[in-house]
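Here is my_file.cif, consisting of mmCIF, C-alpha atoms and all ligand atoms:
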```cif
data_start
loop_
_atom_site.label_atom_id
_atom_site.label_comp_id
_atom_site.auth_asym_id
_atom_site.auth_seq_id
_atom_site.Cartn_x
_atom_site.Cartn_y
_atom_site.Cartn_z
CA MET A 1 142.78 -53.10 154.07
CA ARG A 2 144.40 -49.70 154.60
CA THR A 3 147.33 -48.86 156.80
CA VAL A 4 147.16 -46.99 160.09
CA ASP A 5 148.99 -44.09 158.43
CA GLU A 6 146.50 -43.97 155.55
CA HIS A 7 143.54 -43.95 157.92
CA LEU A 8 145.11 -41.26 160.12
CA ALA A 9 145.90 -39.19 157.01
CA GLU A 10 142.22 -39.29 156.04
CA VAL A 11 141.18 -38.23 159.54
CA LEU A 12 143.66 -35.36 159.59
CA SER A 13 142.59 -34.21 156.14
CA VAL A 14 139.09 -33.63 157.55
CA VAL A 15 139.63 -32.10 161.00
CA GLN A 16 140.78 -28.50 161.33
CA PRO A 17 141.75 -26.32 164.28
CA LEU A 18 138.57 -24.81 165.74
CA ALA A 19 137.88 -21.11 165.13
CA PRO A 20 139.43 -18.89 167.83
CA LEU A 21 137.27 -17.69 170.68
CA GLU A 22 137.90 -15.21 173.48
CA LEU A 23 137.82 -16.96 176.86
CA SER A 24 138.44 -15.91 180.45
CA LEU A 25 141.89 -16.85 181.72
CA LEU A 26 140.83 -19.95 183.63
CA ASP A 27 138.72 -21.19 180.74
CA ALA A 28 141.68 -20.54 178.43
CA HIS A 29 143.97 -22.60 180.68
CA GLY A 30 145.11 -25.70 178.80
CA CYS A 31 144.19 -24.24 175.41
CA ILE A 32 146.40 -22.98 172.60
CA LEU A 33 146.76 -19.23 172.26
CA ALA A 34 145.50 -17.72 168.99
CA GLU A 35 147.03 -14.25 169.35
CA ASP A 36 150.28 -12.60 170.43
CA VAL A 37 149.92 -11.15 173.93
CA VAL A 38 151.60 -7.73 174.14
CA ALA A 39 152.25 -6.05 177.48
CA LYS A 40 150.71 -2.56 177.45
CA GLY A 41 152.89 -1.36 180.30
CA PRO A 42 155.99 -2.48 182.19
CA VAL A 43 156.03 -5.23 184.82
CA PRO A 44 156.61 -4.38 187.60
CA SER A 45 154.85 -1.13 186.83
CA PHE A 46 156.69 0.77 189.60
CA ASP A 47 159.94 0.47 191.58
CA ASN A 48 159.21 -1.55 194.72
CA ALA A 49 160.90 -3.30 197.64
CA SER A 50 161.89 -6.94 197.24
CA MET A 51 162.37 -7.44 200.99
CA ASP A 52 160.81 -6.28 204.24
CA GLY A 53 163.22 -3.71 205.70
CA TYR A 54 164.07 -0.03 205.56
CA ALA A 55 164.16 2.30 202.57
CA VAL A 56 167.36 4.32 202.90
CA ARG A 57 169.76 6.65 201.13
CA VAL A 58 172.96 4.64 200.73
CA ALA A 59 174.98 7.84 201.25
CA ASP A 60 173.74 7.92 204.87
CA LEU A 61 175.33 4.52 205.56
CA ALA A 62 178.97 5.41 204.83
CA THR A 63 179.89 3.99 208.22
CA VAL A 64 177.98 1.13 209.85
CA PRO A 65 176.63 0.33 212.33
CA VAL A 66 174.60 3.52 212.27
CA THR A 67 171.29 4.42 213.89
CA LEU A 68 168.72 6.38 211.85
CA PRO A 69 165.31 7.80 212.85
CA VAL A 70 162.36 6.01 211.15
CA THR A 71 159.81 8.52 209.85
CA GLY A 72 157.01 6.07 209.01
CA ASP A 73 155.92 2.85 207.34
CA VAL A 74 155.09 2.02 203.73
CA ALA A 75 153.21 -1.19 203.01
CA ALA A 76 152.21 -2.86 199.74
CA GLY A 77 149.26 -0.95 198.33
CA PRO A 78 148.70 2.70 197.40
CA ALA A 79 151.88 4.78 197.17
CA SER A 80 152.71 6.66 200.36
CA PRO A 81 153.47 10.39 200.30
CA LEU A 82 156.48 9.71 202.55
CA ARG A 83 159.83 10.94 201.27
CA VAL A 84 163.18 9.78 202.63
CA GLN A 85 165.08 12.89 203.66
CA PRO A 86 168.86 12.80 204.22
CA GLY A 87 169.76 11.11 207.51
CA LEU A 88 166.35 9.46 207.87
CA CYS A 89 164.71 6.24 206.73
CA VAL A 90 161.27 4.64 206.23
CA ARG A 91 160.19 1.14 207.21
CA ILE A 92 159.07 -0.70 204.07
CA MET A 93 157.34 -4.00 203.27
CA THR A 94 157.86 -6.31 200.29
CA GLY A 95 156.01 -5.03 197.22
CA ALA A 96 155.56 -1.48 198.57
CA VAL A 97 156.28 1.45 196.24
CA MET A 98 159.79 2.82 196.86
CA PRO A 99 159.43 6.20 198.55
CA ALA A 100 160.98 9.18 196.82
CA GLY A 101 164.52 9.91 197.92
CA ALA A 102 165.43 6.33 198.84
CA ASP A 103 167.89 4.39 196.68
CA ALA A 104 168.11 0.99 198.43
CA VAL A 105 166.36 -1.29 200.91
CA VAL A 106 168.16 -2.65 203.97
CA PRO A 107 166.63 -6.04 204.81
CA VAL A 108 165.20 -6.20 208.32
CA GLU A 109 167.66 -9.05 209.05
CA TRP A 110 170.54 -6.55 208.82
CA THR A 111 169.03 -4.34 211.54
CA ASP A 112 167.67 -4.41 215.08
CA GLY A 113 164.14 -4.11 213.64
CA GLY A 114 163.45 -0.78 215.38
CA VAL A 115 160.23 1.17 214.85
CA ALA A 116 161.04 4.73 215.97
CA GLN A 117 164.71 4.39 215.15
CA VAL A 118 166.71 1.56 213.68
CA ARG A 119 170.28 0.36 214.02
CA ILE A 120 171.65 -0.74 210.66
CA ASP A 121 174.61 -3.14 210.78
CA ARG A 122 175.40 -3.58 207.05
CA ARG A 123 175.51 -1.24 204.10
CA PRO A 124 173.63 -2.27 200.95
CA ASP A 125 174.80 -1.37 197.46
CA ALA A 126 172.85 1.35 195.72
CA GLY A 127 169.71 -0.20 194.24
CA ALA A 128 169.88 -3.28 196.48
CA TYR A 129 166.57 -5.04 197.16
CA VAL A 130 164.70 -2.76 194.80
CA ARG A 131 162.76 -4.33 191.92
CA ARG A 132 162.90 -1.89 189.05
CA ALA A 133 159.89 -1.01 186.90
CA GLY A 134 160.10 -2.99 183.65
CA GLU A 135 162.71 -5.40 185.02
CA ASP A 136 160.44 -8.37 184.23
CA VAL A 137 158.59 -7.13 181.14
CA VAL A 138 159.01 -3.91 179.20
CA ALA A 139 156.06 -2.02 177.70
CA GLY A 140 155.25 -3.31 174.22
CA GLU A 141 156.96 -6.67 174.74
CA VAL A 142 155.35 -9.78 173.24
CA VAL A 143 155.11 -11.98 176.33
CA LEU A 144 153.20 -14.93 174.81
CA THR A 145 153.13 -15.88 171.15
CA ASP A 146 150.35 -17.21 168.95
CA GLY A 147 150.33 -21.02 169.09
CA SER A 148 151.75 -21.40 172.58
CA HIS A 149 150.21 -23.76 175.08
CA LEU A 150 148.63 -22.04 178.07
CA GLY A 151 149.74 -23.73 181.25
CA SER A 152 149.49 -22.28 184.73
CA ALA A 153 152.53 -20.00 184.36
CA GLN A 154 151.26 -18.64 181.03
CA VAL A 155 147.77 -17.72 182.26
CA GLY A 156 149.42 -16.21 185.35
CA LEU A 157 151.64 -14.08 183.12
CA ALA A 158 148.61 -12.97 181.07
CA ALA A 159 146.98 -11.81 184.32
CA ALA A 160 150.21 -10.07 185.39
CA VAL A 161 150.23 -7.99 182.20
CA GLY A 162 146.64 -6.98 182.85
CA ARG A 163 144.64 -9.34 180.66
CA SER A 164 141.42 -10.98 181.82
CA ARG A 165 140.58 -12.79 178.57
CA LEU A 166 142.60 -14.40 175.80
CA LEU A 167 141.90 -15.40 172.22
CA VAL A 168 142.41 -19.17 172.08
CA ARG A 169 141.45 -22.26 170.13
CA PRO A 170 138.57 -23.63 172.19
CA ARG A 171 138.47 -27.20 173.44
CA PRO A 172 136.56 -29.46 171.05
CA ARG A 173 133.25 -30.75 172.41
CA VAL A 174 133.16 -34.51 172.11
CA VAL A 175 130.03 -36.63 172.46
CA VAL A 176 130.56 -40.30 173.33
CA VAL A 177 127.90 -42.93 172.57
CA SER A 178 128.14 -46.67 173.27
CA THR A 179 126.12 -49.09 171.22
CA GLY A 180 125.14 -52.58 172.30
CA SER A 181 121.99 -54.25 173.58
CA GLU A 182 124.15 -56.16 176.08
CA LEU A 183 125.27 -52.98 177.84
CA VAL A 184 124.06 -51.68 181.21
CA GLU A 185 125.13 -48.71 183.31
CA PRO A 186 128.29 -49.42 185.31
CA GLY A 187 127.28 -50.54 188.80
CA ALA A 188 123.83 -51.83 187.76
CA PRO A 189 123.07 -55.48 188.45
CA LEU A 190 123.81 -57.74 185.49
CA ALA A 191 121.31 -60.19 184.04
CA ALA A 192 122.67 -63.09 182.03
CA GLY A 193 124.51 -61.85 178.93
CA GLN A 194 124.80 -58.27 180.11
CA ILE A 195 128.02 -56.33 180.67
CA PRO A 196 128.78 -52.89 182.08
CA ASP A 197 129.32 -50.15 179.49
CA SER A 198 132.98 -49.48 180.14
CA ASN A 199 133.80 -47.96 176.75
CA SER A 200 131.84 -44.76 177.11
CA ILE A 201 133.53 -44.19 180.48
CA ALA A 202 137.02 -44.86 179.13
CA LEU A 203 136.52 -42.88 175.92
CA THR A 204 135.00 -39.88 177.69
CA ALA A 205 137.93 -39.88 180.12
CA ALA A 206 140.40 -40.25 177.24
CA ALA A 207 138.80 -37.29 175.44
CA VAL A 208 139.16 -35.16 178.57
CA GLU A 209 142.81 -36.25 178.90
CA ALA A 210 143.33 -35.18 175.29
CA GLY A 211 142.06 -31.68 176.16
CA ALA A 212 138.44 -31.94 174.99
CA ILE A 213 135.19 -31.14 176.74
CA ALA A 214 133.51 -34.54 176.69
CA TYR A 215 129.87 -35.50 177.15
CA ARG A 216 129.08 -39.13 177.91
CA VAL A 217 125.70 -39.98 176.43
CA GLY A 218 126.03 -43.59 177.46
CA ILE A 219 124.20 -46.56 176.06
CA VAL A 220 122.13 -46.91 172.91
CA PRO A 221 120.80 -50.40 172.16
CA ASP A 222 121.41 -52.08 168.81
CA ASP A 223 118.40 -50.41 167.22
CA PRO A 224 119.07 -48.30 164.10
CA ARG A 225 116.24 -45.84 164.75
CA ARG A 226 117.32 -45.18 168.33
CA LEU A 227 120.91 -44.69 167.24
CA LEU A 228 119.98 -42.32 164.43
CA ALA A 229 117.74 -40.29 166.75
CA THR A 230 120.47 -40.10 169.38
CA LEU A 231 123.13 -38.96 166.92
CA GLU A 232 120.80 -36.34 165.45
CA ASP A 233 119.98 -35.06 168.95
CA GLN A 234 123.62 -34.84 169.95
CA LEU A 235 124.88 -33.08 166.82
CA VAL A 236 124.04 -29.62 168.18
CA ARG A 237 126.58 -29.84 170.96
CA ALA A 238 129.26 -31.89 169.21
CA ASP A 239 132.43 -30.87 167.43
CA VAL A 240 133.21 -34.59 167.25
CA LEU A 241 131.06 -37.70 167.74
CA ILE A 242 132.50 -40.98 168.94
CA THR A 243 130.57 -44.23 168.91
CA SER A 244 131.80 -47.60 170.09
CA GLY A 245 130.68 -51.00 168.92
CA GLY A 246 128.67 -52.10 165.96
CA VAL A 247 131.27 -51.56 163.24
CA SER A 248 132.22 -55.10 162.32
CA VAL A 249 130.37 -57.60 160.17
CA GLY A 250 127.85 -58.92 162.74
CA ALA A 251 124.16 -58.94 161.89
CA TYR A 252 123.35 -56.29 164.53
CA ASP A 253 126.19 -53.92 163.73
CA VAL A 254 123.95 -50.85 163.77
CA VAL A 255 126.60 -48.15 163.65
CA LYS A 256 127.73 -49.38 160.29
CA GLU A 257 124.16 -49.65 159.09
CA VAL A 258 123.12 -46.17 160.25
CA LEU A 259 126.28 -44.20 159.47
CA SER A 260 126.72 -45.73 156.04
CA ARG A 261 123.36 -44.19 155.11
CA ILE A 262 123.93 -40.63 156.36
CA GLY A 263 126.86 -38.33 155.71
CA THR A 264 130.17 -39.47 154.34
CA VAL A 265 131.15 -42.15 156.82
CA GLY A 266 133.24 -44.96 155.41
CA PHE A 267 134.09 -48.24 157.09
CA HIS A 268 137.49 -49.76 156.63
CA LYS A 269 139.60 -52.62 157.72
CA VAL A 270 142.74 -51.00 159.07
CA ALA A 271 145.87 -53.15 159.27
CA MET A 272 146.34 -52.90 163.01
CA GLN A 273 145.94 -54.97 166.12
CA PRO A 274 143.85 -54.35 168.07
CA GLY A 275 141.29 -52.14 166.35
CA MET A 276 140.88 -53.45 162.84
CA PRO A 277 137.37 -52.23 161.90
CA GLN A 278 137.16 -48.40 161.83
CA GLY A 279 134.43 -46.05 160.75
CA PHE A 280 135.20 -42.41 160.00
CA GLY A 281 133.56 -39.56 158.14
CA THR A 282 131.30 -36.59 158.67
CA ILE A 283 127.57 -36.22 159.34
CA GLY A 284 125.01 -33.47 159.76
CA PRO A 285 124.64 -29.94 158.44
CA GLU A 286 128.04 -28.87 159.78
CA SER A 287 129.89 -31.94 158.54
CA THR A 288 130.72 -33.02 162.09
CA PRO A 289 133.50 -35.62 162.20
CA VAL A 290 132.35 -38.97 163.56
CA PHE A 291 134.49 -41.89 164.64
CA GLY A 292 132.89 -45.34 164.68
CA LEU A 293 135.28 -47.20 166.96
CA PRO A 294 135.21 -50.96 167.48
CA GLY A 295 133.47 -52.27 170.61
CA ASN A 296 136.14 -54.37 172.23
CA PRO A 297 137.41 -52.22 175.10
CA VAL A 298 141.10 -52.35 174.20
CA SER A 299 140.34 -51.84 170.50
CA ALA A 300 138.28 -48.79 171.40
CA LEU A 301 141.04 -47.20 173.49
CA VAL A 302 143.86 -48.08 171.10
CA SER A 303 141.82 -46.69 168.20
CA PHE A 304 141.28 -43.56 170.25
CA GLU A 305 145.06 -43.25 170.71
CA ALA A 306 145.79 -43.92 167.06
CA PHE A 307 143.15 -41.71 165.42
CA VAL A 308 140.92 -39.71 167.77
CA ARG A 309 143.55 -38.21 170.03
CA PRO A 310 145.61 -36.79 167.14
CA ALA A 311 142.38 -35.38 165.66
CA LEU A 312 141.40 -33.71 168.93
CA ARG A 313 144.91 -32.30 169.35
CA ARG A 314 144.72 -30.92 165.81
CA MET A 315 141.35 -29.28 166.60
CA LEU A 316 142.88 -27.77 169.73
CA GLY A 317 145.53 -26.18 167.54
CA ALA A 318 148.39 -28.11 169.20
CA GLN A 319 151.71 -28.18 167.36
CA VAL A 320 152.46 -31.69 168.62
CA ILE A 321 149.48 -33.96 168.10
CA GLU A 322 151.15 -37.30 168.78
CA ARG A 323 151.97 -38.90 172.11
CA PRO A 324 155.67 -38.84 172.92
CA ARG A 325 157.45 -41.84 171.42
CA VAL A 326 160.71 -43.26 172.71
CA SER A 327 162.82 -46.32 172.03
CA ALA A 328 163.20 -48.99 174.72
CA ARG A 329 164.61 -52.50 174.97
CA THR A 330 162.10 -55.24 175.43
CA THR A 331 162.62 -57.70 178.28
CA ALA A 332 160.62 -60.40 176.50
CA GLU A 333 160.04 -61.48 172.93
CA LEU A 334 157.21 -59.54 171.27
CA ARG A 335 155.09 -61.01 168.48
CA SER A 336 152.94 -59.27 165.92
CA PRO A 337 150.87 -60.51 162.99
CA VAL A 338 152.65 -59.87 159.73
CA GLY A 339 151.14 -57.02 157.71
CA LYS A 340 149.59 -55.34 160.77
CA ARG A 341 150.85 -52.68 163.12
CA SER A 342 150.57 -53.96 166.69
CA PHE A 343 149.97 -51.80 169.72
CA LEU A 344 151.06 -53.95 172.65
CA ARG A 345 150.28 -53.11 176.26
CA VAL A 346 153.55 -52.68 178.10
CA TRP A 347 155.13 -51.20 181.19
CA VAL A 348 158.06 -48.94 180.46
CA GLU A 349 160.59 -47.94 183.09
CA VAL A 350 164.20 -46.93 183.48
CA ARG A 351 166.46 -49.65 184.87
CA ASP A 352 170.19 -48.98 185.37
CA GLY A 353 169.86 -45.84 183.26
CA ALA A 354 168.28 -47.64 180.29
CA ARG A 355 164.63 -47.60 179.25
CA VAL A 356 163.13 -51.09 179.19
CA VAL A 357 159.64 -52.42 178.39
CA SER A 358 157.85 -55.49 179.65
CA PRO A 359 154.54 -56.79 178.30
CA VAL A 360 151.73 -56.56 180.88
CA SER A 361 148.98 -58.29 178.92
CA GLY A 362 148.24 -60.73 176.15
CA PRO A 363 147.12 -59.33 172.81
CA GLY A 364 143.36 -60.05 173.24
CA SER A 365 141.34 -56.94 172.47
CA HIS A 366 138.88 -57.67 175.29
CA LEU A 367 141.60 -57.67 178.00
CA ILE A 368 140.81 -54.33 179.62
CA ALA A 369 142.64 -55.25 182.85
CA GLY A 370 145.88 -55.53 180.88
CA MET A 371 145.24 -52.12 179.34
CA ALA A 372 144.88 -50.66 182.84
CA ARG A 373 148.24 -52.19 183.85
CA ALA A 374 150.05 -50.50 180.95
CA ASN A 375 151.76 -47.12 180.92
CA ALA A 376 152.74 -47.35 177.26
CA LEU A 377 151.95 -49.07 173.98
CA ALA A 378 154.80 -50.78 172.15
CA VAL A 379 154.35 -50.12 168.45
CA VAL A 380 155.53 -53.01 166.29
CA PRO A 381 155.60 -52.04 162.60
CA GLU A 382 153.71 -53.85 159.85
CA ASP A 383 156.74 -55.64 158.45
CA VAL A 384 157.99 -56.98 161.80
CA GLU A 385 156.68 -60.29 163.10
CA ARG A 386 158.97 -60.73 166.04
CA VAL A 387 161.01 -58.44 168.28
CA ALA A 388 163.65 -60.53 170.05
CA ASP A 389 164.19 -60.24 173.79
CA GLY A 390 166.70 -57.41 174.35
CA SER A 391 165.98 -55.64 171.07
CA PRO A 392 164.78 -52.04 170.81
CA VAL A 393 161.13 -51.29 170.15
CA GLU A 394 159.30 -47.98 169.75
CA VAL A 395 156.87 -47.15 172.55
CA MET A 396 154.10 -44.58 172.74
CA LEU A 397 153.99 -43.16 176.27
CA LEU A 398 150.55 -42.95 177.90
CA GLU A 399 149.63 -40.69 180.80
CA ARG A 400 149.90 -43.21 183.64
CA ARG A 401 152.92 -42.55 185.86
CA SER A 402 152.88 -45.12 188.66
CA ARG A 403 151.65 -48.65 189.15
P1 LIG B 501 130.92 -54.95 168.73
O1 LIG B 501 132.00 -54.13 168.10
O2 LIG B 501 129.67 -54.20 168.98
O3 LIG B 501 130.69 -56.22 167.97
O4 LIG B 501 131.47 -55.38 170.16
C1 LIG B 501 132.63 -56.16 170.28
C2 LIG B 501 132.79 -56.62 171.70
O5 LIG B 501 132.97 -55.49 172.55
C3 LIG B 501 131.59 -57.36 172.25
O6 LIG B 501 132.06 -58.39 173.09
C4 LIG B 501 130.87 -56.30 173.06
O7 LIG B 501 130.08 -56.85 174.09
C5 LIG B 501 132.02 -55.48 173.59
N1 LIG B 501 131.57 -54.13 173.83
C6 LIG B 501 130.92 -53.37 172.93
N2 LIG B 501 130.63 -52.17 173.44
C7 LIG B 501 131.11 -52.16 174.71
C8 LIG B 501 131.11 -51.20 175.75
N3 LIG B 501 130.54 -50.00 175.60
N4 LIG B 501 131.70 -51.51 176.93
C9 LIG B 501 132.27 -52.73 177.07
N5 LIG B 501 132.30 -53.68 176.13
C10 LIG B 501 131.72 -53.42 174.95
MG MG B 502 127.83 -54.57 169.50
#
```

What would you get if you wrote out this structure as structure tokens?
Amino acid sequence: MRTVDEHLAEVLSVVQPLAPLELSLLDAHGCILAEDVVAKGPVPSFDNASMDGYAVRVADLATVPVTLPVTGDVAAGPASPLRVQPGLCVRIMTGAVMPAGADAVVPVEWTDGGVAQVRIDRRPDAGAYVRRAGEDVVAGEVVLTDGSHLGSAQVGLAAAVGRSRLLVRPRPRVVVVSTGSELVEPGAPLAAGQIPDSNSIALTAAAVEAGAIAYRVGIVPDDPRRLLATLEDQLVRADVLITSGGVSVGAYDVVKEVLSRIGTVGFHKVAMQPGMPQGFGTIGPESTPVFGLPGNPVSALVSFEAFVRPALRRMLGAQVIERPRVSARTTAELRSPVGKRSFLRVWVEVRDGARVVSPVSGPGSHLIAGMARANALAVVPEDVERVADGSPVEVMLLERRSR
């Protein structure tokens, strides 16, 4: 038996951040930046109006109300040749280039809205309602740094400084294969002894949630030759392979049989519940990492959380590869086998300002419904057998937000 930490350490010693690649902004969204982004020019790149109104010379508004002739309009778009001469003004729209001669914008709300002439009721300060060139970003400024996560605001900023592509760590491509001669496509009628292949659906979805590009291959029966052929076929498009099932000590545990023969895959008993049997190693000409996860649906997903997700986050170049972990008080006694780390399905919520957890499922590793009721996993350490009602326990927060 090895510990969860030992197994994770082996996984993380093998997987590396993927080599940077230049992607278009929307493909780069969600990835980790692999360069510093420097603004070539200022943002905004020209002085412009921040309100719809009138471009004026403040000196002309010494006494208000005052009525000024309007010599034309400037709208957002190409700069207008209009110049604001003393005693005159120009109607201006938000985002339009400030005309020469003007030193402030009077918002339309401070006027009668006139077109040929306008009555202005309030005097703005010099520079009012003008966005200055470089006020947001100055030329040469590093606006995004290597290693940052590209969310919507970050890709928007990259566009605003004139970039169309960014150098990023690409998303790992993950291929998910289920093994089991009892499996059928979800939705297909079930003959006696058959079950829907839920693991490849859950694991593909989990890989996408982790930031990967995931391909669901689906079902391979418990036939070593078919499995080997499938894995060999899939290697070309995989940065990571995930199989489920066939890793324990049953007579038809094909994953173990096939992967033990090729590459460097080792099979271990990991001191955890659920998820004890784990295969991990590399196969193929490019030493592609492969995870042989156990077949029980909860074991498969918990193993994904414990080992695959951190690996995918590492490949993505993320600084934080673990799920957020918080402490919460349990509302019921929790039990865990001594010597194993338990991952218990729980619901975590804030009650009266304090975070509390309640179990939502028994510990059985086939209880997928309980897994779907959970929004967190309570992590009970190896040396703890019992967490008393009301005591704190560490919880790993999953993505689910509402019941
Ligand atoms: P195995 O690890 O192959 O011995 O499978 C352990 C248990 O998980 C068995 O009850 C399988 O029927 C079940 N199982 C294996 N693969 C899947 C799958 N893809 N979807 C749902 N259940 C599965
Ligand atoms: Mg099986």

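In this comparison, which uses only C-alpha atoms, the residue of A:Ser80, A:Thr282, A:Ser164, A:Thr67 approaching Ser13 in chain A most closely is A:Thr282.
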
Can you list every residue of chain A that has an atom at most 7 Å from ligand MG 502 (chain B), with its nearest atom pair and the distance in Å to one decimal, using only C-alpha atoms and all ligand atoms, ordered by chain then number, as a tab-separated table?
```
residue	atom	partner	partner_atom	distance
A:Thr179	CA	B:MG502	MG	6.0
A:Gly180	CA	B:MG502	MG	4.4
A:Asp222	CA	B:MG502	MG	6.9
A:Gly245	CA	B:MG502	MG	4.6
A:Gly246	CA	B:MG502	MG	4.4
A:Tyr252	CA	B:MG502	MG	6.9
A:Asp253	CA	B:MG502	MG	6.0
A:Gly295	CA	B:MG502	MG	6.2
```

* Nearby polymer residues, ligand LIG 501 (chain B), at most 9 Å, only C-alpha atoms and all ligand atoms, as a VMD selection string -> chain A and resid 177 to 184 193 to 202 218 to 219 222 243 to 250 252 to 255 277 293 to 300 365 to 366

Go ahead and write the selection's residues with C-alpha atoms as an mmCIF file, in the coordinates of the input.
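In the end it all went to again38.cif:
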```cif
data_model
loop_
_atom_site.group_PDB
_atom_site.id
_atom_site.type_symbol
_atom_site.label_atom_id
_atom_site.label_comp_id
_atom_site.auth_asym_id
_atom_site.auth_seq_id
_atom_site.Cartn_x
_atom_site.Cartn_y
_atom_site.Cartn_z
ATOM 1 C CA VAL A 177 127.900 -42.930 172.570
ATOM 2 C CA SER A 178 128.140 -46.670 173.270
ATOM 3 C CA THR A 179 126.120 -49.090 171.220
ATOM 4 C CA GLY A 180 125.140 -52.580 172.300
ATOM 5 C CA SER A 181 121.990 -54.250 173.580
ATOM 6 C CA GLU A 182 124.150 -56.160 176.080
ATOM 7 C CA LEU A 183 125.270 -52.980 177.840
ATOM 8 C CA VAL A 184 124.060 -51.680 181.210
ATOM 9 C CA GLY A 193 124.510 -61.850 178.930
ATOM 10 C CA GLN A 194 124.800 -58.270 180.110
ATOM 11 C CA ILE A 195 128.020 -56.330 180.670
ATOM 12 C CA PRO A 196 128.780 -52.890 182.080
ATOM 13 C CA ASP A 197 129.320 -50.150 179.490
ATOM 14 C CA SER A 198 132.980 -49.480 180.140
ATOM 15 C CA ASN A 199 133.800 -47.960 176.750
ATOM 16 C CA SER A 200 131.840 -44.760 177.110
ATOM 17 C CA ILE A 201 133.530 -44.190 180.480
ATOM 18 C CA ALA A 202 137.020 -44.860 179.130
ATOM 19 C CA GLY A 218 126.030 -43.590 177.460
ATOM 20 C CA ILE A 219 124.200 -46.560 176.060
ATOM 21 C CA ASP A 222 121.410 -52.080 168.810
ATOM 22 C CA THR A 243 130.570 -44.230 168.910
ATOM 23 C CA SER A 244 131.800 -47.600 170.090
ATOM 24 C CA GLY A 245 130.680 -51.000 168.920
ATOM 25 C CA GLY A 246 128.670 -52.100 165.960
ATOM 26 C CA VAL A 247 131.270 -51.560 163.240
ATOM 27 C CA SER A 248 132.220 -55.100 162.320
ATOM 28 C CA VAL A 249 130.370 -57.600 160.170
ATOM 29 C CA GLY A 250 127.850 -58.920 162.740
ATOM 30 C CA TYR A 252 123.350 -56.290 164.530
ATOM 31 C CA ASP A 253 126.190 -53.920 163.730
ATOM 32 C CA VAL A 254 123.950 -50.850 163.770
ATOM 33 C CA VAL A 255 126.600 -48.150 163.650
ATOM 34 C CA PRO A 277 137.370 -52.230 161.900
ATOM 35 C CA LEU A 293 135.280 -47.200 166.960
ATOM 36 C CA PRO A 294 135.210 -50.960 167.480
ATOM 37 C CA GLY A 295 133.470 -52.270 170.610
ATOM 38 C CA ASN A 296 136.140 -54.370 172.230
ATOM 39 C CA PRO A 297 137.410 -52.220 175.100
ATOM 40 C CA VAL A 298 141.100 -52.350 174.200
ATOM 41 C CA SER A 299 140.340 -51.840 170.500
ATOM 42 C CA ALA A 300 138.280 -48.790 171.400
ATOM 43 C CA SER A 365 141.340 -56.940 172.470
ATOM 44 C CA HIS A 366 138.880 -57.670 175.290
#
```

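Straight-line separation from CA of Trp347 in chain A to CA of Glu399 in chain A: 11.9 Å.
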
* Asked: In Å, with one decimal, what is the gap from CA of Val258 in chain A to CA of Leu228 in chain A?
  -> 6.5 Å

* Counting only C-alpha atoms, what is within 6 Å of Leu316 in chain A, bar same-chain residues fewer than 2 positions away, as a ChimeraX atom specification? -> /A:17,169,171,313-314,318

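Residues of protein, DNA and RNA with at least one atom no farther than 7 Å from (129.9, -35.2, 172.6) are, using all atoms listed in the file, Arg173, Val174, Val175, Val176, Ala214, Tyr215, Arg216, Gln234, Arg237, Ala238, Val240 and Leu241 of chain A.
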
* Asked: In file coordinates, which residues lie within 12 Å of (156.7, -46.5, 181.0) using all atoms listed in the file, given as a PyMOL selection string?
  -> chain A and resi 324-330+345-351+354-360+373-378+394-403

* Asked: Got a sec: who's within 12 Å of Gly127 in chain A, counting only C-alpha atoms, leaving out chain neighbours fewer than 5 positions off, as a list of chain:residue names?
  -> A:Asp47, A:Asn48, A:Ala49, A:Ser50, A:Ala55, A:Val56, A:Arg57, A:Val58, A:Ala59, A:Met98, A:Gly101, A:Ala102, A:Asp103, A:Ala104, A:Val105, A:Val106, A:Arg132

* Straight-line distance linking CA of Val66 in chain A with CA of Gly113 in chain A, stated in Å to one decimal -> 13.0 Å

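Counting all atoms listed in the file, the residue from A:Val265, A:Val11, A:Ala205, A:Ala39 that sits nearest to Ala139 in chain A is A:Ala39.
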
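Counting only C-alpha atoms and comparing A:Leu312, A:Ala332, A:Ile213, A:Leu33, the residue that lies closest to Thr145 in chain A is A:Leu33.
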
* To do: Tell me, as a count of residues only, which residues lie within 8 Å of Gly140 in chain A, counting only C-alpha atoms; anything in the same chain fewer than 2 positions away does not count.
  => 6

* Structure fact -> Across A:His29, A:Arg309, A:Lys256, A:Arg226, the smallest distance to Leu150 in chain A, with only C-alpha atoms counted, is shown by A:His29

Have range 359-363 of chain A completed to N, CA and C atoms, please, and pass it along as a CSV table (one decimal), in the coordinates of the input.
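Output saved as rebuild_28.csv:
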```csv
chain,number,residue,atom,x,y,z
A,359,PRO,N,156.0,-56.6,178.6
A,359,PRO,CA,154.5,-56.8,178.3
A,359,PRO,C,153.8,-57.0,179.6
A,360,VAL,N,152.6,-56.4,179.7
A,360,VAL,CA,151.7,-56.6,180.9
A,360,VAL,C,150.4,-57.3,180.6
A,361,SER,N,150.3,-57.7,179.3
A,361,SER,CA,149.0,-58.3,178.9
A,361,SER,C,149.2,-59.1,177.7
A,362,GLY,N,148.3,-60.1,177.4
A,362,GLY,CA,148.2,-60.7,176.2
A,362,GLY,C,147.6,-59.8,175.1
A,363,PRO,N,147.6,-60.2,173.9
A,363,PRO,CA,147.1,-59.3,172.8
A,363,PRO,C,145.6,-59.2,172.7
```
